[in-house]
file work_4.txt (compact mmCIF, N, CA and C atoms)
# COMPACT_ATOMS: atom_id res chain seq x y z
N MET K 1 14.21 -37.92 -30.82
CA MET K 1 13.43 -37.26 -29.80
C MET K 1 13.71 -35.76 -29.89
N ALA K 2 12.65 -34.98 -29.93
CA ALA K 2 12.78 -33.53 -30.08
C ALA K 2 13.22 -32.90 -28.77
N PRO K 3 14.09 -31.89 -28.85
CA PRO K 3 14.50 -31.22 -27.62
C PRO K 3 13.32 -30.46 -27.01
N SER K 4 13.33 -30.36 -25.69
CA SER K 4 12.23 -29.65 -25.05
C SER K 4 12.40 -28.15 -25.28
N ILE K 5 11.31 -27.51 -25.56
CA ILE K 5 11.31 -26.08 -25.80
C ILE K 5 10.49 -25.44 -24.69
N SER K 6 11.05 -24.39 -24.11
CA SER K 6 10.31 -23.75 -23.03
C SER K 6 9.08 -23.07 -23.58
N SER K 7 8.06 -23.07 -22.77
CA SER K 7 6.79 -22.48 -23.16
C SER K 7 6.91 -20.96 -23.24
N ALA K 8 6.23 -20.38 -24.21
CA ALA K 8 6.24 -18.92 -24.36
C ALA K 8 5.50 -18.25 -23.21
N SER K 9 4.67 -19.02 -22.51
CA SER K 9 3.89 -18.43 -21.42
C SER K 9 4.70 -18.30 -20.13
N GLU K 10 5.90 -18.93 -20.08
CA GLU K 10 6.72 -18.81 -18.89
C GLU K 10 7.24 -17.38 -18.77
N THR K 11 7.08 -16.83 -17.59
CA THR K 11 7.58 -15.48 -17.37
C THR K 11 8.92 -15.56 -16.65
N PRO K 12 9.84 -14.70 -17.03
CA PRO K 12 11.13 -14.74 -16.36
C PRO K 12 10.99 -14.32 -14.90
N LYS K 13 11.81 -14.91 -14.05
CA LYS K 13 11.78 -14.59 -12.62
C LYS K 13 12.28 -13.16 -12.41
N VAL K 14 11.52 -12.44 -11.64
CA VAL K 14 11.89 -11.06 -11.32
C VAL K 14 12.78 -11.09 -10.09
N SER K 15 13.83 -10.28 -10.09
CA SER K 15 14.74 -10.25 -8.94
C SER K 15 14.04 -9.66 -7.72
N LEU K 16 14.57 -9.99 -6.56
CA LEU K 16 14.02 -9.48 -5.31
C LEU K 16 14.09 -7.95 -5.29
N ALA K 17 15.20 -7.39 -5.75
CA ALA K 17 15.35 -5.94 -5.78
C ALA K 17 14.31 -5.31 -6.69
N THR K 18 14.02 -5.95 -7.81
CA THR K 18 13.01 -5.43 -8.74
C THR K 18 11.62 -5.47 -8.11
N GLU K 19 11.32 -6.55 -7.39
CA GLU K 19 10.03 -6.63 -6.69
C GLU K 19 9.88 -5.47 -5.72
N LEU K 20 10.93 -5.19 -4.97
CA LEU K 20 10.90 -4.09 -4.01
C LEU K 20 10.74 -2.74 -4.71
N ARG K 21 11.49 -2.53 -5.80
CA ARG K 21 11.41 -1.26 -6.53
C ARG K 21 10.04 -1.08 -7.21
N ASN K 22 9.47 -2.18 -7.71
CA ASN K 22 8.14 -2.09 -8.33
C ASN K 22 7.09 -1.65 -7.31
N ALA K 23 7.18 -2.20 -6.10
CA ALA K 23 6.24 -1.81 -5.05
C ALA K 23 6.43 -0.34 -4.67
N ALA K 24 7.68 0.10 -4.57
CA ALA K 24 7.97 1.50 -4.25
C ALA K 24 7.39 2.42 -5.33
N ALA K 25 7.56 2.04 -6.59
CA ALA K 25 7.04 2.86 -7.70
C ALA K 25 5.51 2.91 -7.67
N LYS K 26 4.89 1.79 -7.36
CA LYS K 26 3.42 1.75 -7.29
C LYS K 26 2.92 2.65 -6.16
N LEU K 27 3.59 2.58 -5.01
CA LEU K 27 3.21 3.45 -3.89
C LEU K 27 3.35 4.92 -4.27
N ARG K 28 4.48 5.27 -4.90
CA ARG K 28 4.71 6.67 -5.27
C ARG K 28 3.64 7.18 -6.25
N LYS K 29 3.22 6.32 -7.16
CA LYS K 29 2.18 6.71 -8.12
C LYS K 29 0.88 7.03 -7.38
N HIS K 30 0.53 6.19 -6.43
CA HIS K 30 -0.71 6.42 -5.67
C HIS K 30 -0.59 7.61 -4.74
N VAL K 31 0.59 7.79 -4.13
CA VAL K 31 0.81 8.95 -3.26
C VAL K 31 0.67 10.24 -4.07
N LYS K 32 1.20 10.23 -5.30
CA LYS K 32 1.16 11.41 -6.16
C LYS K 32 -0.28 11.85 -6.44
N HIS K 33 -1.17 10.89 -6.59
CA HIS K 33 -2.55 11.20 -6.97
C HIS K 33 -3.51 11.26 -5.78
N ALA K 34 -3.05 10.91 -4.61
CA ALA K 34 -3.91 10.92 -3.42
C ALA K 34 -4.04 12.34 -2.88
N THR K 35 -5.09 12.57 -2.12
CA THR K 35 -5.28 13.85 -1.44
C THR K 35 -4.14 14.05 -0.44
N ASP K 36 -3.66 15.28 -0.34
CA ASP K 36 -2.54 15.60 0.53
C ASP K 36 -2.80 15.22 1.99
N SER K 37 -1.72 14.91 2.70
CA SER K 37 -1.75 14.65 4.14
C SER K 37 -1.73 15.97 4.88
N PRO K 38 -2.05 16.00 6.16
CA PRO K 38 -2.45 14.91 7.04
C PRO K 38 -3.94 14.59 6.91
N TRP K 39 -4.27 13.34 7.20
CA TRP K 39 -5.65 12.89 7.17
C TRP K 39 -6.16 12.69 8.59
N VAL K 40 -7.43 12.97 8.79
CA VAL K 40 -8.08 12.78 10.09
C VAL K 40 -9.45 12.15 9.86
N THR K 41 -10.00 11.57 10.91
CA THR K 41 -11.34 11.00 10.81
C THR K 41 -12.32 11.87 11.58
N SER K 42 -13.57 11.72 11.22
CA SER K 42 -14.62 12.46 11.89
C SER K 42 -15.93 11.71 11.73
N SER K 43 -16.74 11.78 12.75
CA SER K 43 -18.09 11.23 12.61
C SER K 43 -18.85 12.09 11.62
N VAL K 44 -19.72 11.50 10.87
CA VAL K 44 -20.49 12.23 9.87
C VAL K 44 -21.94 12.27 10.35
N TRP K 45 -22.48 13.45 10.42
CA TRP K 45 -23.86 13.61 10.86
C TRP K 45 -24.67 14.09 9.67
N SER K 46 -25.15 13.15 8.89
CA SER K 46 -25.93 13.52 7.71
C SER K 46 -27.41 13.60 8.08
N PRO K 47 -28.19 14.41 7.35
CA PRO K 47 -29.62 14.58 7.68
C PRO K 47 -30.40 13.27 7.67
N ARG K 48 -30.00 12.35 6.82
CA ARG K 48 -30.72 11.07 6.73
C ARG K 48 -30.04 9.96 7.53
N ALA K 49 -29.03 10.30 8.24
CA ALA K 49 -28.27 9.31 9.04
C ALA K 49 -27.79 8.16 8.18
N THR K 50 -27.23 8.50 7.02
CA THR K 50 -26.76 7.45 6.12
C THR K 50 -25.27 7.20 6.25
N SER K 51 -24.57 8.00 7.03
CA SER K 51 -23.13 7.87 7.13
C SER K 51 -22.70 7.66 8.57
N THR K 52 -21.55 7.01 8.73
CA THR K 52 -21.05 6.76 10.08
C THR K 52 -19.75 7.48 10.36
N SER K 53 -18.81 7.47 9.42
CA SER K 53 -17.54 8.14 9.62
C SER K 53 -16.91 8.42 8.27
N ALA K 54 -15.95 9.32 8.27
CA ALA K 54 -15.28 9.69 7.03
C ALA K 54 -13.86 10.12 7.33
N VAL K 55 -13.05 10.23 6.26
CA VAL K 55 -11.67 10.66 6.38
C VAL K 55 -11.53 11.97 5.61
N TYR K 56 -10.89 12.94 6.25
CA TYR K 56 -10.70 14.27 5.65
C TYR K 56 -9.23 14.64 5.66
N SER K 57 -8.85 15.50 4.72
CA SER K 57 -7.49 16.03 4.67
C SER K 57 -7.46 17.41 5.31
N HIS K 58 -6.51 17.61 6.21
CA HIS K 58 -6.33 18.93 6.82
C HIS K 58 -5.48 19.83 5.95
N ALA K 59 -5.03 19.33 4.79
CA ALA K 59 -4.22 20.14 3.88
C ALA K 59 -5.10 21.08 3.05
N HIS K 60 -6.42 20.90 3.13
CA HIS K 60 -7.36 21.71 2.37
C HIS K 60 -8.40 22.32 3.32
N PRO K 61 -9.02 23.42 2.94
CA PRO K 61 -10.01 24.05 3.83
C PRO K 61 -11.16 23.10 4.19
N THR K 62 -11.53 23.11 5.45
CA THR K 62 -12.62 22.28 5.94
C THR K 62 -13.91 22.55 5.16
N GLY K 63 -14.59 21.49 4.81
CA GLY K 63 -15.86 21.62 4.11
C GLY K 63 -15.75 21.68 2.60
N THR K 64 -14.52 21.75 2.07
CA THR K 64 -14.36 21.78 0.61
C THR K 64 -14.32 20.36 0.06
N VAL K 65 -14.62 20.24 -1.20
CA VAL K 65 -14.57 18.93 -1.86
C VAL K 65 -13.15 18.37 -1.78
N GLU K 66 -12.15 19.24 -1.90
CA GLU K 66 -10.75 18.79 -1.86
C GLU K 66 -10.37 18.18 -0.53
N SER K 67 -11.07 18.55 0.54
CA SER K 67 -10.73 18.03 1.87
C SER K 67 -11.28 16.62 2.10
N GLU K 68 -12.19 16.16 1.26
CA GLU K 68 -12.80 14.84 1.44
C GLU K 68 -11.91 13.76 0.84
N VAL K 69 -11.51 12.81 1.67
CA VAL K 69 -10.64 11.73 1.23
C VAL K 69 -11.46 10.51 0.83
N VAL K 70 -12.36 10.09 1.70
CA VAL K 70 -13.16 8.90 1.41
C VAL K 70 -14.53 9.05 2.06
N ALA K 71 -15.54 8.63 1.33
CA ALA K 71 -16.91 8.69 1.85
C ALA K 71 -17.17 7.47 2.71
N SER K 72 -18.16 7.57 3.55
CA SER K 72 -18.49 6.46 4.45
C SER K 72 -19.66 5.66 3.90
N GLY K 73 -19.99 4.60 4.59
CA GLY K 73 -21.06 3.72 4.15
C GLY K 73 -22.43 4.23 4.51
N ARG K 74 -23.43 3.54 4.03
CA ARG K 74 -24.81 3.92 4.29
C ARG K 74 -25.40 2.94 5.30
N ILE K 75 -25.98 3.47 6.33
CA ILE K 75 -26.54 2.62 7.38
C ILE K 75 -27.92 2.10 6.99
N ARG K 76 -28.78 2.96 6.53
CA ARG K 76 -30.17 2.56 6.27
C ARG K 76 -30.32 1.52 5.17
N SER K 77 -29.63 1.73 4.06
CA SER K 77 -29.83 0.82 2.93
C SER K 77 -28.96 -0.43 3.03
N GLY K 78 -27.92 -0.37 3.82
CA GLY K 78 -27.04 -1.52 3.94
C GLY K 78 -26.04 -1.62 2.81
N TYR K 79 -26.00 -0.64 1.91
CA TYR K 79 -25.06 -0.67 0.80
C TYR K 79 -23.80 0.10 1.14
N GLY K 80 -22.77 -0.12 0.36
CA GLY K 80 -21.64 0.78 0.32
C GLY K 80 -20.54 0.52 1.31
N GLY K 81 -19.67 1.46 1.37
CA GLY K 81 -18.34 1.39 1.93
C GLY K 81 -18.18 1.26 3.41
N ILE K 82 -17.80 2.30 4.07
CA ILE K 82 -17.31 2.21 5.44
C ILE K 82 -18.45 2.37 6.43
N ARG K 83 -18.78 1.27 7.09
CA ARG K 83 -19.76 1.36 8.18
C ARG K 83 -19.06 1.21 9.52
N GLU K 84 -17.88 0.71 9.49
CA GLU K 84 -17.11 0.50 10.72
C GLU K 84 -16.15 1.68 10.91
N PRO K 85 -16.31 2.46 11.98
CA PRO K 85 -15.43 3.62 12.19
C PRO K 85 -13.94 3.27 12.22
N TRP K 86 -13.61 2.05 12.65
CA TRP K 86 -12.19 1.67 12.68
C TRP K 86 -11.59 1.61 11.28
N ASN K 87 -12.41 1.34 10.27
CA ASN K 87 -11.89 1.36 8.89
C ASN K 87 -11.41 2.76 8.53
N ALA K 88 -12.20 3.76 8.88
CA ALA K 88 -11.80 5.15 8.61
C ALA K 88 -10.54 5.50 9.38
N GLU K 89 -10.45 5.07 10.63
CA GLU K 89 -9.25 5.34 11.42
C GLU K 89 -8.02 4.72 10.76
N TYR K 90 -8.17 3.50 10.28
CA TYR K 90 -7.04 2.82 9.63
C TYR K 90 -6.63 3.53 8.34
N ILE K 91 -7.61 3.92 7.54
CA ILE K 91 -7.32 4.64 6.30
C ILE K 91 -6.57 5.94 6.61
N ALA K 92 -6.99 6.64 7.64
CA ALA K 92 -6.33 7.89 8.01
C ALA K 92 -4.88 7.65 8.44
N LEU K 93 -4.62 6.54 9.11
CA LEU K 93 -3.24 6.21 9.50
C LEU K 93 -2.35 5.97 8.28
N MET K 94 -2.91 5.43 7.22
CA MET K 94 -2.14 5.09 6.03
C MET K 94 -2.15 6.23 5.00
N GLN K 95 -2.07 7.45 5.47
CA GLN K 95 -2.10 8.63 4.62
C GLN K 95 -0.89 8.67 3.68
N PRO K 96 -0.91 9.52 2.66
CA PRO K 96 0.16 9.56 1.67
C PRO K 96 1.56 9.76 2.23
N SER K 97 1.70 10.51 3.30
CA SER K 97 3.04 10.70 3.86
C SER K 97 3.62 9.37 4.37
N VAL K 98 2.77 8.50 4.87
CA VAL K 98 3.21 7.17 5.30
C VAL K 98 3.62 6.35 4.08
N GLY K 99 2.82 6.42 3.02
CA GLY K 99 3.14 5.70 1.79
C GLY K 99 4.45 6.17 1.17
N ALA K 100 4.71 7.47 1.21
CA ALA K 100 5.96 8.00 0.65
C ALA K 100 7.17 7.49 1.42
N LEU K 101 7.07 7.46 2.74
CA LEU K 101 8.17 6.94 3.55
C LEU K 101 8.35 5.43 3.37
N LEU K 102 7.26 4.71 3.23
CA LEU K 102 7.36 3.28 2.97
C LEU K 102 8.02 3.02 1.63
N ALA K 103 7.71 3.83 0.62
CA ALA K 103 8.36 3.70 -0.69
C ALA K 103 9.87 3.92 -0.55
N GLN K 104 10.28 4.91 0.24
CA GLN K 104 11.71 5.13 0.46
C GLN K 104 12.36 3.93 1.14
N LEU K 105 11.68 3.37 2.12
CA LEU K 105 12.20 2.21 2.83
C LEU K 105 12.34 1.01 1.89
N LEU K 106 11.37 0.81 1.01
CA LEU K 106 11.46 -0.28 0.03
C LEU K 106 12.62 -0.07 -0.93
N ASP K 107 12.87 1.18 -1.35
CA ASP K 107 14.00 1.47 -2.22
C ASP K 107 15.34 1.22 -1.53
N VAL K 108 15.44 1.59 -0.26
CA VAL K 108 16.67 1.34 0.50
C VAL K 108 16.92 -0.16 0.59
N GLU K 109 15.87 -0.92 0.90
CA GLU K 109 16.00 -2.38 0.97
C GLU K 109 16.38 -2.95 -0.39
N ALA K 110 15.83 -2.41 -1.48
CA ALA K 110 16.18 -2.87 -2.82
C ALA K 110 17.66 -2.63 -3.10
N ASP K 111 18.19 -1.48 -2.67
CA ASP K 111 19.62 -1.20 -2.84
C ASP K 111 20.48 -2.21 -2.08
N VAL K 112 20.08 -2.51 -0.84
CA VAL K 112 20.82 -3.48 -0.02
C VAL K 112 20.78 -4.86 -0.67
N VAL K 113 19.60 -5.28 -1.11
CA VAL K 113 19.44 -6.59 -1.74
C VAL K 113 20.26 -6.67 -3.03
N ALA K 114 20.23 -5.61 -3.84
CA ALA K 114 20.99 -5.59 -5.09
C ALA K 114 22.49 -5.68 -4.81
N ALA K 115 22.98 -4.98 -3.79
CA ALA K 115 24.41 -5.01 -3.45
C ALA K 115 24.83 -6.39 -2.96
N ARG K 116 23.99 -7.00 -2.12
CA ARG K 116 24.31 -8.35 -1.64
C ARG K 116 24.28 -9.36 -2.77
N THR K 117 23.33 -9.21 -3.68
CA THR K 117 23.23 -10.12 -4.82
C THR K 117 24.46 -9.97 -5.71
N ALA K 118 24.91 -8.75 -5.95
CA ALA K 118 26.09 -8.52 -6.77
C ALA K 118 27.35 -9.08 -6.11
N GLN K 119 27.43 -8.96 -4.80
CA GLN K 119 28.60 -9.44 -4.08
C GLN K 119 28.66 -10.97 -4.07
N ASP K 120 27.52 -11.61 -3.86
CA ASP K 120 27.45 -13.06 -3.74
C ASP K 120 27.24 -13.75 -5.09
N GLY K 121 26.59 -13.06 -6.01
CA GLY K 121 26.29 -13.67 -7.31
C GLY K 121 24.96 -14.39 -7.35
N THR K 122 24.31 -14.53 -6.18
CA THR K 122 22.99 -15.15 -6.11
C THR K 122 22.13 -14.34 -5.15
N GLU K 123 20.85 -14.67 -5.13
CA GLU K 123 19.94 -14.02 -4.18
C GLU K 123 19.78 -14.82 -2.89
N ASP K 124 20.56 -15.90 -2.76
CA ASP K 124 20.40 -16.78 -1.60
C ASP K 124 20.52 -16.06 -0.26
N TYR K 125 21.41 -15.09 -0.19
CA TYR K 125 21.65 -14.38 1.08
C TYR K 125 21.35 -12.89 0.95
N ALA K 126 20.55 -12.53 -0.04
CA ALA K 126 20.27 -11.12 -0.29
C ALA K 126 19.40 -10.49 0.79
N LEU K 127 18.53 -11.27 1.38
CA LEU K 127 17.68 -10.77 2.47
C LEU K 127 18.26 -11.20 3.79
N ASP K 128 18.15 -10.34 4.80
CA ASP K 128 18.56 -10.74 6.15
C ASP K 128 17.67 -11.89 6.59
N TYR K 129 18.26 -12.82 7.30
CA TYR K 129 17.48 -13.95 7.79
C TYR K 129 16.35 -13.46 8.69
N GLY K 130 15.15 -13.87 8.40
CA GLY K 130 14.01 -13.54 9.22
C GLY K 130 13.47 -12.13 9.02
N SER K 131 14.09 -11.34 8.15
CA SER K 131 13.61 -9.97 7.98
C SER K 131 13.12 -9.72 6.56
N GLY K 132 12.55 -10.72 5.94
CA GLY K 132 12.00 -10.55 4.61
C GLY K 132 10.64 -9.87 4.64
N TYR K 133 10.36 -9.16 5.71
CA TYR K 133 9.05 -8.53 5.86
C TYR K 133 8.82 -7.45 4.81
N LEU K 134 9.87 -6.71 4.46
CA LEU K 134 9.70 -5.69 3.43
C LEU K 134 9.38 -6.33 2.08
N LEU K 135 9.96 -7.48 1.82
CA LEU K 135 9.62 -8.20 0.59
C LEU K 135 8.17 -8.68 0.64
N ASP K 136 7.72 -9.13 1.80
CA ASP K 136 6.32 -9.52 1.97
C ASP K 136 5.40 -8.33 1.70
N ILE K 137 5.76 -7.17 2.25
CA ILE K 137 4.97 -5.96 2.01
C ILE K 137 4.97 -5.62 0.53
N ALA K 138 6.14 -5.67 -0.10
CA ALA K 138 6.24 -5.38 -1.53
C ALA K 138 5.36 -6.31 -2.35
N ARG K 139 5.36 -7.57 -2.01
CA ARG K 139 4.55 -8.53 -2.76
C ARG K 139 3.06 -8.28 -2.56
N LEU K 140 2.65 -7.87 -1.38
CA LEU K 140 1.25 -7.52 -1.17
C LEU K 140 0.87 -6.28 -1.98
N ILE K 141 1.74 -5.29 -1.99
CA ILE K 141 1.49 -4.08 -2.78
C ILE K 141 1.42 -4.43 -4.26
N ASN K 142 2.28 -5.34 -4.69
CA ASN K 142 2.32 -5.75 -6.09
C ASN K 142 1.20 -6.72 -6.46
N GLY K 143 0.38 -7.09 -5.47
CA GLY K 143 -0.76 -7.96 -5.76
C GLY K 143 -0.44 -9.44 -5.72
N GLU K 144 0.62 -9.81 -5.01
CA GLU K 144 1.01 -11.21 -4.89
C GLU K 144 0.74 -11.68 -3.47
N GLU K 145 0.52 -12.97 -3.34
CA GLU K 145 0.37 -13.56 -2.00
C GLU K 145 1.75 -13.74 -1.39
N THR K 146 1.83 -13.71 -0.07
CA THR K 146 3.10 -13.97 0.61
C THR K 146 3.07 -15.35 1.23
N ALA K 147 4.23 -15.84 1.57
CA ALA K 147 4.36 -17.17 2.16
C ALA K 147 4.00 -17.17 3.63
N ARG K 148 3.97 -16.04 4.27
CA ARG K 148 3.74 -16.00 5.72
C ARG K 148 2.29 -16.08 6.05
call {"tool": "encode", "arguments": {"input": "work_4.txt", "output": "structure tokens"}}
result
Amino acid sequence: MAPSISSASETPKVSLATELRNAAAKLRKHVKHATDSPWVTSSVWSPRATSTSAVYSHAHPTGTVESEVVASGRIRSGYGGIREPWNAEYIALMQPSVGALLAQLLDVEADVVAARTAQDGTEDYALDYGSGYLLDIARLINGEETAR
């Protein structure tokens, strides 16, 4: 009987600390390329009434292309992005400065998880009981589903 050979398609398990650090790195990459904070929302009054709301950066002069963060949806044609003003409000809340701080928080948690893993030798107790929320956030950022 031939010994079982592991499949080449199996991917090695990534540590919890690595998952957290990967999410922090992804956030930092997007923060680096995003329009500067602070972001604000405003109703858009276009001549054809095709827009409802938009997000602008106050880090750039008003009315410049650089100040525009995201365009809004089109009302008449029914196509496109943001037709709900609350979407623009939410986007403005999640401005780059929030992403940068979240990346720092994920890195701090990764350090804690790595230290606990090194001390215990396993990841069994690396996360505080009931506070795996940062790992859930990291997995969402990394494009993975969470268990919650």
call {"tool": "residues_near_point", "arguments": {"input": "work_4.txt", "point": "(12.7, -4.6, -7.1)", "cutoff": "10 Å", "atoms": "only C-alpha atoms", "output": "VMD selection string"}}
result
chain K and resid 14 to 25 106 to 107 109 to 111 113 to 114 135 138
call {"tool": "closest_residue", "arguments": {"input": "work_4.txt", "among": "K:Ala126, K:Ala103, K:Ala115, K:Val40", "to": "Lys26 in chain K", "atoms": "only N, CA and C atoms"}}
result
K:Ala103
call {"tool": "atom_distance", "arguments": {"input": "work_4.txt", "atom1": "CA of Ala54 in chain K", "atom2": "atom C of Val98 in chain K"}}
result
19.4 Å
call {"tool": "atom_distance", "arguments": {"input": "work_4.txt", "atom1": "CA of Leu127 in chain K", "atom2": "atom C of Ser97 in chain K"}}
result
24.6 Å
call {"tool": "closest_residue", "arguments": {"input": "work_4.txt", "among": "K:Asp128, K:Ser42, K:Ile137, K:Lys13", "to": "Leu102 in chain K", "atoms": "only C-alpha atoms"}}
result
K:Ile137
call {"tool": "closest_residue", "arguments": {"input": "work_4.txt", "among": "K:Ala34, K:Asn87, K:Gly143, K:Ala92", "to": "Tyr56 in chain K", "atoms": "only N, CA and C atoms"}}
result
K:Ala92
call {"tool": "decode", "arguments": {"input": "work_4.txt", "residues": "range 93-111 of chain K", "atoms": "N, CA, C and O atoms", "output": "PDB file, in the first residue's frame"}}
result
ATOM      1  N   LEU K  93     -17.015  58.486   6.890  1.00  0.00           N
ATOM      2  CA  LEU K  93     -16.575  58.054   8.216  1.00  0.00           C
ATOM      3  C   LEU K  93     -15.338  57.153   8.141  1.00  0.00           C
ATOM      4  O   LEU K  93     -14.496  57.168   9.031  1.00  0.00           O
ATOM      5  N   MET K  94     -15.232  56.374   7.086  1.00  0.00           N
ATOM      6  CA  MET K  94     -14.131  55.426   6.939  1.00  0.00           C
ATOM      7  C   MET K  94     -12.955  56.026   6.158  1.00  0.00           C
ATOM      8  O   MET K  94     -12.305  55.365   5.370  1.00  0.00           O
ATOM      9  N   GLN K  95     -12.675  57.288   6.397  1.00  0.00           N
ATOM     10  CA  GLN K  95     -11.610  58.004   5.710  1.00  0.00           C
ATOM     11  C   GLN K  95     -10.240  57.398   6.027  1.00  0.00           C
ATOM     12  O   GLN K  95     -10.110  56.595   6.951  1.00  0.00           O
ATOM     13  N   PRO K  96      -9.206  57.752   5.272  1.00  0.00           N
ATOM     14  CA  PRO K  96      -7.880  57.160   5.440  1.00  0.00           C
ATOM     15  C   PRO K  96      -7.308  57.254   6.851  1.00  0.00           C
ATOM     16  O   PRO K  96      -6.617  56.331   7.290  1.00  0.00           O
ATOM     17  N   SER K  97      -7.583  58.314   7.569  1.00  0.00           N
ATOM     18  CA  SER K  97      -7.046  58.406   8.926  1.00  0.00           C
ATOM     19  C   SER K  97      -7.624  57.309   9.825  1.00  0.00           C
ATOM     20  O   SER K  97      -6.927  56.789  10.700  1.00  0.00           O
ATOM     21  N   VAL K  98      -8.861  56.917   9.589  1.00  0.00           N
ATOM     22  CA  VAL K  98      -9.461  55.808  10.336  1.00  0.00           C
ATOM     23  C   VAL K  98      -8.772  54.497   9.940  1.00  0.00           C
ATOM     24  O   VAL K  98      -8.433  53.671  10.791  1.00  0.00           O
ATOM     25  N   GLY K  99      -8.538  54.312   8.648  1.00  0.00           N
ATOM     26  CA  GLY K  99      -7.853  53.111   8.172  1.00  0.00           C
ATOM     27  C   GLY K  99      -6.444  52.992   8.724  1.00  0.00           C
ATOM     28  O   GLY K  99      -5.996  51.896   9.079  1.00  0.00           O
ATOM     29  N   ALA K 100      -5.729  54.111   8.818  1.00  0.00           N
ATOM     30  CA  ALA K 100      -4.364  54.087   9.348  1.00  0.00           C
ATOM     31  C   ALA K 100      -4.359  53.672  10.818  1.00  0.00           C
ATOM     32  O   ALA K 100      -3.510  52.865  11.245  1.00  0.00           O
ATOM     33  N   LEU K 101      -5.300  54.192  11.594  1.00  0.00           N
ATOM     34  CA  LEU K 101      -5.384  53.810  13.006  1.00  0.00           C
ATOM     35  C   LEU K 101      -5.822  52.356  13.173  1.00  0.00           C
ATOM     36  O   LEU K 101      -5.332  51.654  14.057  1.00  0.00           O
ATOM     37  N   LEU K 102      -6.726  51.899  12.331  1.00  0.00           N
ATOM     38  CA  LEU K 102      -7.133  50.500  12.380  1.00  0.00           C
ATOM     39  C   LEU K 102      -5.960  49.587  12.044  1.00  0.00           C
ATOM     40  O   LEU K 102      -5.770  48.543  12.668  1.00  0.00           O
ATOM     41  N   ALA K 103      -5.134  49.975  11.085  1.00  0.00           N
ATOM     42  CA  ALA K 103      -3.938  49.194  10.749  1.00  0.00           C
ATOM     43  C   ALA K 103      -3.006  49.108  11.958  1.00  0.00           C
ATOM     44  O   ALA K 103      -2.458  48.038  12.252  1.00  0.00           O
ATOM     45  N   GLN K 104      -2.834  50.216  12.685  1.00  0.00           N
ATOM     46  CA  GLN K 104      -2.002  50.189  13.894  1.00  0.00           C
ATOM     47  C   GLN K 104      -2.584  49.246  14.944  1.00  0.00           C
ATOM     48  O   GLN K 104      -1.855  48.484  15.581  1.00  0.00           O
ATOM     49  N   LEU K 105      -3.889  49.289  15.103  1.00  0.00           N
ATOM     50  CA  LEU K 105      -4.555  48.422  16.071  1.00  0.00           C
ATOM     51  C   LEU K 105      -4.381  46.948  15.698  1.00  0.00           C
ATOM     52  O   LEU K 105      -4.122  46.106  16.563  1.00  0.00           O
ATOM     53  N   LEU K 106      -4.491  46.633  14.416  1.00  0.00           N
ATOM     54  CA  LEU K 106      -4.285  45.257  13.961  1.00  0.00           C
ATOM     55  C   LEU K 106      -2.846  44.802  14.210  1.00  0.00           C
ATOM     56  O   LEU K 106      -2.605  43.658  14.607  1.00  0.00           O
ATOM     57  N   ASP K 107      -1.873  45.696  14.002  1.00  0.00           N
ATOM     58  CA  ASP K 107      -0.474  45.358  14.271  1.00  0.00           C
ATOM     59  C   ASP K 107      -0.223  45.117  15.759  1.00  0.00           C
ATOM     60  O   ASP K 107       0.510  44.197  16.130  1.00  0.00           O
ATOM     61  N   VAL K 108      -0.822  45.929  16.617  1.00  0.00           N
ATOM     62  CA  VAL K 108      -0.681  45.732  18.061  1.00  0.00           C
ATOM     63  C   VAL K 108      -1.260  44.380  18.458  1.00  0.00           C
ATOM     64  O   VAL K 108      -0.651  43.620  19.214  1.00  0.00           O
ATOM     65  N   GLU K 109      -2.440  44.062  17.932  1.00  0.00           N
ATOM     66  CA  GLU K 109      -3.053  42.758  18.226  1.00  0.00           C
ATOM     67  C   GLU K 109      -2.184  41.622  17.701  1.00  0.00           C
ATOM     68  O   GLU K 109      -2.041  40.587  18.353  1.00  0.00           O
ATOM     69  N   ALA K 110      -1.569  41.799  16.529  1.00  0.00           N
ATOM     70  CA  ALA K 110      -0.676  40.773  15.979  1.00  0.00           C
ATOM     71  C   ALA K 110       0.517  40.548  16.901  1.00  0.00           C
ATOM     72  O   ALA K 110       0.934  39.403  17.120  1.00  0.00           O
ATOM     73  N   ASP K 111       1.065  41.624  17.472  1.00  0.00           N
ATOM     74  CA  ASP K 111       2.177  41.492  18.419  1.00  0.00           C
ATOM     75  C   ASP K 111       1.753  40.712  19.658  1.00  0.00           C
ATOM     76  O   ASP K 111       2.492  39.848  20.148  1.00  0.00           O
TER      77      ASP K 111
END
